[in-house]
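A.B. asks: This is the structure, below, for whatever I ask next.
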Amino acid sequence: MGILLMARFTLQEALHRWLLFAMLLLNLLLLGVFALMLNSVYTSEVARSASLADPQLNLLKLSFSISILSAWAVYLLSGALTIVLTVGMTSGEIETGTFAMTVTKPLRRSDIIFGKWLGYALIVCVYTAMLFFTFLGIIFLQTGYWPQEALPSLGMIELSTLVLLALTTFGSACFPTLVNGAIAIMLFIGAPLASFVQLITSNPGQTAQNITTTINLIIPTDALWHGASFYLIPSFISQLGLGSLQDFSTPFTSIQPVAPGIFIWAIIYCIVLPVIGALRFQRRDL
């Protein structure tokens, strides 16, 4: 009951913060601009494709390319919201002294950590799903295209946000807010380095592969995004003459699903880091 009570308080607190409403307002503006730009680009592409032998194929390639870019934007925006919203989850209240009143109530310290984690997990997961389906809905209304495996792709992005939430939960219980924010931002931004390491060489050696594995173990968000992009790349590309699957093996997309080991590690990551954070919070001076 303590966890659920703390989760409810966390939801109420988040809904009363201007930060969340500011992010939502900015996202609405972004979606509006995206819809206008998509309409302009698609209209121009329809006119240009009219002179081609099979204009529908060209428009189809444009549609699923935009859906991949939109999902990547969801991945970045949900990650940014997760970090900004949760970076001071416990450390912020310790620094302001509000925990002095909360902890004296019949709540275990572990209930506070797990309750806050649950509340923020609900917020970021709902936010990510709404943003994901809104982007795809705009694309569908304009182009008539909907990815066949949109749900598995969303699942990978949701898992990446939970990975970030686990990281900030752990960091907030162990470090000051600014330090936790710096760590989370640097790891989130630095995670794609593994992809760029593989880009600069056609035959990466063992050292490069070890670096990639290490980065994915420290912060598996980029690997999960590549797993999400895999589900957004249609399997019928080569059959329709839209190019080779290899063309989509880039630093931002992948033609392979996420490795089972990384997927399992990401789930363990989401469980273990909050548990370690709760153990550290038990001994932290409030």
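Quick note on naming: the chains in the structure tokens go A, B, ... in the order shown, residues restart at 1 in each chain, and ligands are numbered from 1 in order of appearance.
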Residues within 12 Å of A:Leu232, please, as a ChimeraX atom specification. Count only C-alpha atoms; anything in the same chain fewer than 3 positions from it doesn't count.
C.D. replies: /A:61,63-72,136,145-154,156-157,225-229,235-237,248,253-257
A.B. asks: Those same residues, written as an mmCIF file, in the first residue's frame with C-alpha atoms?
C.D. replies:
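Printed below is again-v4.cif as written:
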```cif
data_model
loop_
_atom_site.group_PDB
_atom_site.id
_atom_site.type_symbol
_atom_site.label_atom_id
_atom_site.label_comp_id
_atom_site.auth_asym_id
_atom_site.auth_seq_id
_atom_site.Cartn_x
_atom_site.Cartn_y
_atom_site.Cartn_z
ATOM 1 C CA LYS A 61 9.435 4.735 -49.499
ATOM 2 C CA SER A 63 6.178 7.246 -45.962
ATOM 3 C CA PHE A 64 8.113 4.582 -44.115
ATOM 4 C CA SER A 65 11.268 6.736 -44.076
ATOM 5 C CA ILE A 66 9.309 9.507 -42.348
ATOM 6 C CA SER A 67 7.820 6.991 -39.891
ATOM 7 C CA ILE A 68 11.351 5.926 -38.885
ATOM 8 C CA LEU A 69 12.445 9.538 -38.378
ATOM 9 C CA SER A 70 9.286 10.223 -36.356
ATOM 10 C CA ALA A 71 9.927 7.236 -34.090
ATOM 11 C CA TRP A 72 13.495 8.454 -33.590
ATOM 12 C CA LEU A 136 2.124 7.714 -36.792
ATOM 13 C CA TYR A 145 0.813 4.250 -44.415
ATOM 14 C CA TRP A 146 0.935 2.442 -41.052
ATOM 15 C CA PRO A 147 3.910 0.258 -39.984
ATOM 16 C CA GLN A 148 3.014 -3.413 -39.734
ATOM 17 C CA GLU A 149 5.037 -3.900 -36.546
ATOM 18 C CA ALA A 150 4.429 -0.609 -34.795
ATOM 19 C CA LEU A 151 3.721 -2.222 -31.399
ATOM 20 C CA PRO A 152 7.061 -4.095 -31.096
ATOM 21 C CA SER A 153 8.819 -0.865 -32.071
ATOM 22 C CA LEU A 154 6.924 1.052 -29.386
ATOM 23 C CA MET A 156 11.557 -1.114 -27.553
ATOM 24 C CA ILE A 157 11.223 2.657 -27.133
ATOM 25 C CA TRP A 225 16.428 2.233 -30.352
ATOM 26 C CA HIS A 226 18.144 0.237 -33.099
ATOM 27 C CA GLY A 227 15.893 -2.672 -32.157
ATOM 28 C CA ALA A 228 12.885 -0.355 -32.495
ATOM 29 C CA SER A 229 14.012 0.876 -35.925
ATOM 30 C CA SER A 235 10.475 -6.585 -45.045
ATOM 31 C CA PHE A 236 9.191 -6.080 -48.595
ATOM 32 C CA ILE A 237 11.728 -3.388 -49.551
ATOM 33 C CA PHE A 248 19.170 0.917 -43.890
ATOM 34 C CA THR A 253 18.749 2.350 -37.986
ATOM 35 C CA SER A 254 19.345 -1.381 -37.928
ATOM 36 C CA ILE A 255 18.399 -4.318 -40.127
ATOM 37 C CA GLN A 256 18.802 -6.712 -37.199
ATOM 38 C CA PRO A 257 16.595 -7.036 -34.091
#
```
A.B. asks: Would you list the contacts of A:Gly92 as a list in words, taking every protein, DNA or RNA residue within 12 Å and counting only C-alpha atoms, but skipping same-chain residues closer than 5 positions in sequence?
C.D. replies: Leu85, Thr86, Val87, Gly97, Thr98, Phe99, Thr168, Thr169, Gly171, Ser172, Ala173, Cys174, Phe175, Pro176, Thr177, Leu178, Val179, Asn180, Gly181 and Leu286 of chain A
A.B. asks: Take the residues from that selection and put them in a file with all heavy atoms, as a compact mmCIF listing (two decimals), in the first residue's frame.
C.D. replies:
```
# COMPACT_ATOMS: atom_id res chain seq x y z
N LEU A 85 12.40 15.20 -15.95
CA LEU A 85 11.32 15.05 -14.97
C LEU A 85 11.77 14.30 -13.73
O LEU A 85 11.29 14.57 -12.63
CB LEU A 85 10.15 14.32 -15.62
CG LEU A 85 8.82 14.31 -14.86
CD1 LEU A 85 8.28 15.72 -14.69
CD2 LEU A 85 7.80 13.44 -15.60
N THR A 86 12.71 13.36 -13.87
CA THR A 86 13.03 12.46 -12.76
C THR A 86 14.42 12.64 -12.19
O THR A 86 14.77 11.94 -11.24
CB THR A 86 12.89 10.99 -13.22
OG1 THR A 86 13.89 10.69 -14.22
CG2 THR A 86 11.53 10.75 -13.83
N VAL A 87 15.19 13.57 -12.72
CA VAL A 87 16.57 13.70 -12.27
C VAL A 87 16.67 14.07 -10.79
O VAL A 87 17.62 13.71 -10.10
CB VAL A 87 17.32 14.72 -13.16
CG1 VAL A 87 16.82 16.13 -12.91
CG2 VAL A 87 18.81 14.63 -12.95
N GLY A 97 14.80 19.54 1.82
CA GLY A 97 14.43 19.17 3.18
C GLY A 97 13.01 18.67 3.35
O GLY A 97 12.56 18.50 4.49
N THR A 98 12.29 18.41 2.25
CA THR A 98 10.90 17.97 2.39
C THR A 98 10.78 16.52 2.84
O THR A 98 9.73 16.12 3.35
CB THR A 98 10.16 18.13 1.05
OG1 THR A 98 10.89 17.42 0.02
CG2 THR A 98 10.06 19.59 0.66
N PHE A 99 11.83 15.72 2.67
CA PHE A 99 11.77 14.33 3.10
C PHE A 99 11.74 14.21 4.63
O PHE A 99 11.37 13.18 5.17
CB PHE A 99 12.97 13.54 2.57
CG PHE A 99 12.68 12.83 1.29
CD1 PHE A 99 13.65 12.69 0.33
CD2 PHE A 99 11.43 12.28 1.05
CE1 PHE A 99 13.39 12.04 -0.86
CE2 PHE A 99 11.15 11.63 -0.14
CZ PHE A 99 12.14 11.50 -1.09
N THR A 168 18.19 7.22 -13.58
CA THR A 168 17.97 8.43 -12.78
C THR A 168 17.48 8.09 -11.37
O THR A 168 17.77 8.82 -10.42
CB THR A 168 16.97 9.37 -13.47
OG1 THR A 168 15.74 8.66 -13.73
CG2 THR A 168 17.53 9.90 -14.78
N THR A 169 16.74 6.99 -11.23
CA THR A 169 16.31 6.55 -9.90
C THR A 169 17.51 6.19 -9.04
O THR A 169 17.62 6.61 -7.88
CB THR A 169 15.37 5.34 -10.01
OG1 THR A 169 14.23 5.69 -10.81
CG2 THR A 169 14.88 4.90 -8.64
N GLY A 171 20.67 7.16 -9.63
CA GLY A 171 21.52 8.33 -9.45
C GLY A 171 20.94 9.31 -8.45
O GLY A 171 21.69 9.92 -7.67
N SER A 172 19.62 9.46 -8.44
CA SER A 172 19.00 10.41 -7.52
C SER A 172 19.14 9.97 -6.08
O SER A 172 19.16 10.81 -5.17
CB SER A 172 17.52 10.59 -7.88
OG SER A 172 16.95 11.65 -7.15
N ALA A 173 19.21 8.66 -5.86
CA ALA A 173 19.37 8.14 -4.50
C ALA A 173 20.82 8.19 -4.04
O ALA A 173 21.09 8.08 -2.83
CB ALA A 173 18.86 6.70 -4.42
N CYS A 174 21.75 8.37 -4.97
CA CYS A 174 23.18 8.30 -4.63
C CYS A 174 23.91 9.62 -4.77
O CYS A 174 24.90 9.86 -4.07
CB CYS A 174 23.87 7.25 -5.51
SG CYS A 174 23.25 5.57 -5.34
N PHE A 175 23.46 10.49 -5.68
CA PHE A 175 24.21 11.70 -6.01
C PHE A 175 23.32 12.94 -5.91
O PHE A 175 22.08 12.83 -5.94
CB PHE A 175 24.77 11.61 -7.43
CG PHE A 175 25.52 10.36 -7.72
CD1 PHE A 175 25.03 9.42 -8.61
CD2 PHE A 175 26.73 10.09 -7.09
CE1 PHE A 175 25.71 8.25 -8.88
CE2 PHE A 175 27.43 8.92 -7.34
CZ PHE A 175 26.92 8.00 -8.24
N PRO A 176 23.93 14.13 -5.83
CA PRO A 176 23.15 15.37 -5.92
C PRO A 176 22.46 15.48 -7.28
O PRO A 176 22.87 14.84 -8.25
CB PRO A 176 24.20 16.47 -5.73
CG PRO A 176 25.33 15.80 -5.03
CD PRO A 176 25.34 14.39 -5.52
N THR A 177 21.45 16.32 -7.36
CA THR A 177 20.64 16.42 -8.57
C THR A 177 21.47 16.81 -9.79
O THR A 177 21.32 16.21 -10.86
CB THR A 177 19.52 17.46 -8.36
OG1 THR A 177 18.71 17.05 -7.26
CG2 THR A 177 18.65 17.58 -9.59
N LEU A 178 22.33 17.81 -9.66
CA LEU A 178 23.12 18.25 -10.81
C LEU A 178 24.05 17.16 -11.31
O LEU A 178 24.22 16.97 -12.52
CB LEU A 178 23.92 19.50 -10.44
CG LEU A 178 23.11 20.80 -10.27
CD1 LEU A 178 24.01 21.95 -9.84
CD2 LEU A 178 22.39 21.15 -11.57
N VAL A 179 24.66 16.43 -10.38
CA VAL A 179 25.56 15.34 -10.77
C VAL A 179 24.77 14.24 -11.47
O VAL A 179 25.19 13.71 -12.50
CB VAL A 179 26.30 14.78 -9.53
CG1 VAL A 179 27.15 13.58 -9.92
CG2 VAL A 179 27.16 15.86 -8.90
N ASN A 180 23.62 13.90 -10.92
CA ASN A 180 22.78 12.88 -11.52
C ASN A 180 22.34 13.29 -12.93
O ASN A 180 22.37 12.48 -13.87
CB ASN A 180 21.55 12.64 -10.65
CG ASN A 180 20.67 11.52 -11.16
OD1 ASN A 180 21.14 10.57 -11.76
ND2 ASN A 180 19.39 11.62 -10.89
N GLY A 181 21.96 14.55 -13.09
CA GLY A 181 21.56 15.03 -14.41
C GLY A 181 22.69 14.98 -15.42
O GLY A 181 22.49 14.58 -16.57
N LEU A 286 19.21 12.17 5.54
CA LEU A 286 18.20 13.08 5.02
C LEU A 286 18.22 14.44 5.72
O LEU A 286 17.41 15.29 5.39
CB LEU A 286 16.81 12.44 5.15
CG LEU A 286 16.64 11.07 4.49
CD1 LEU A 286 15.23 10.59 4.67
CD2 LEU A 286 17.00 11.13 3.03
```
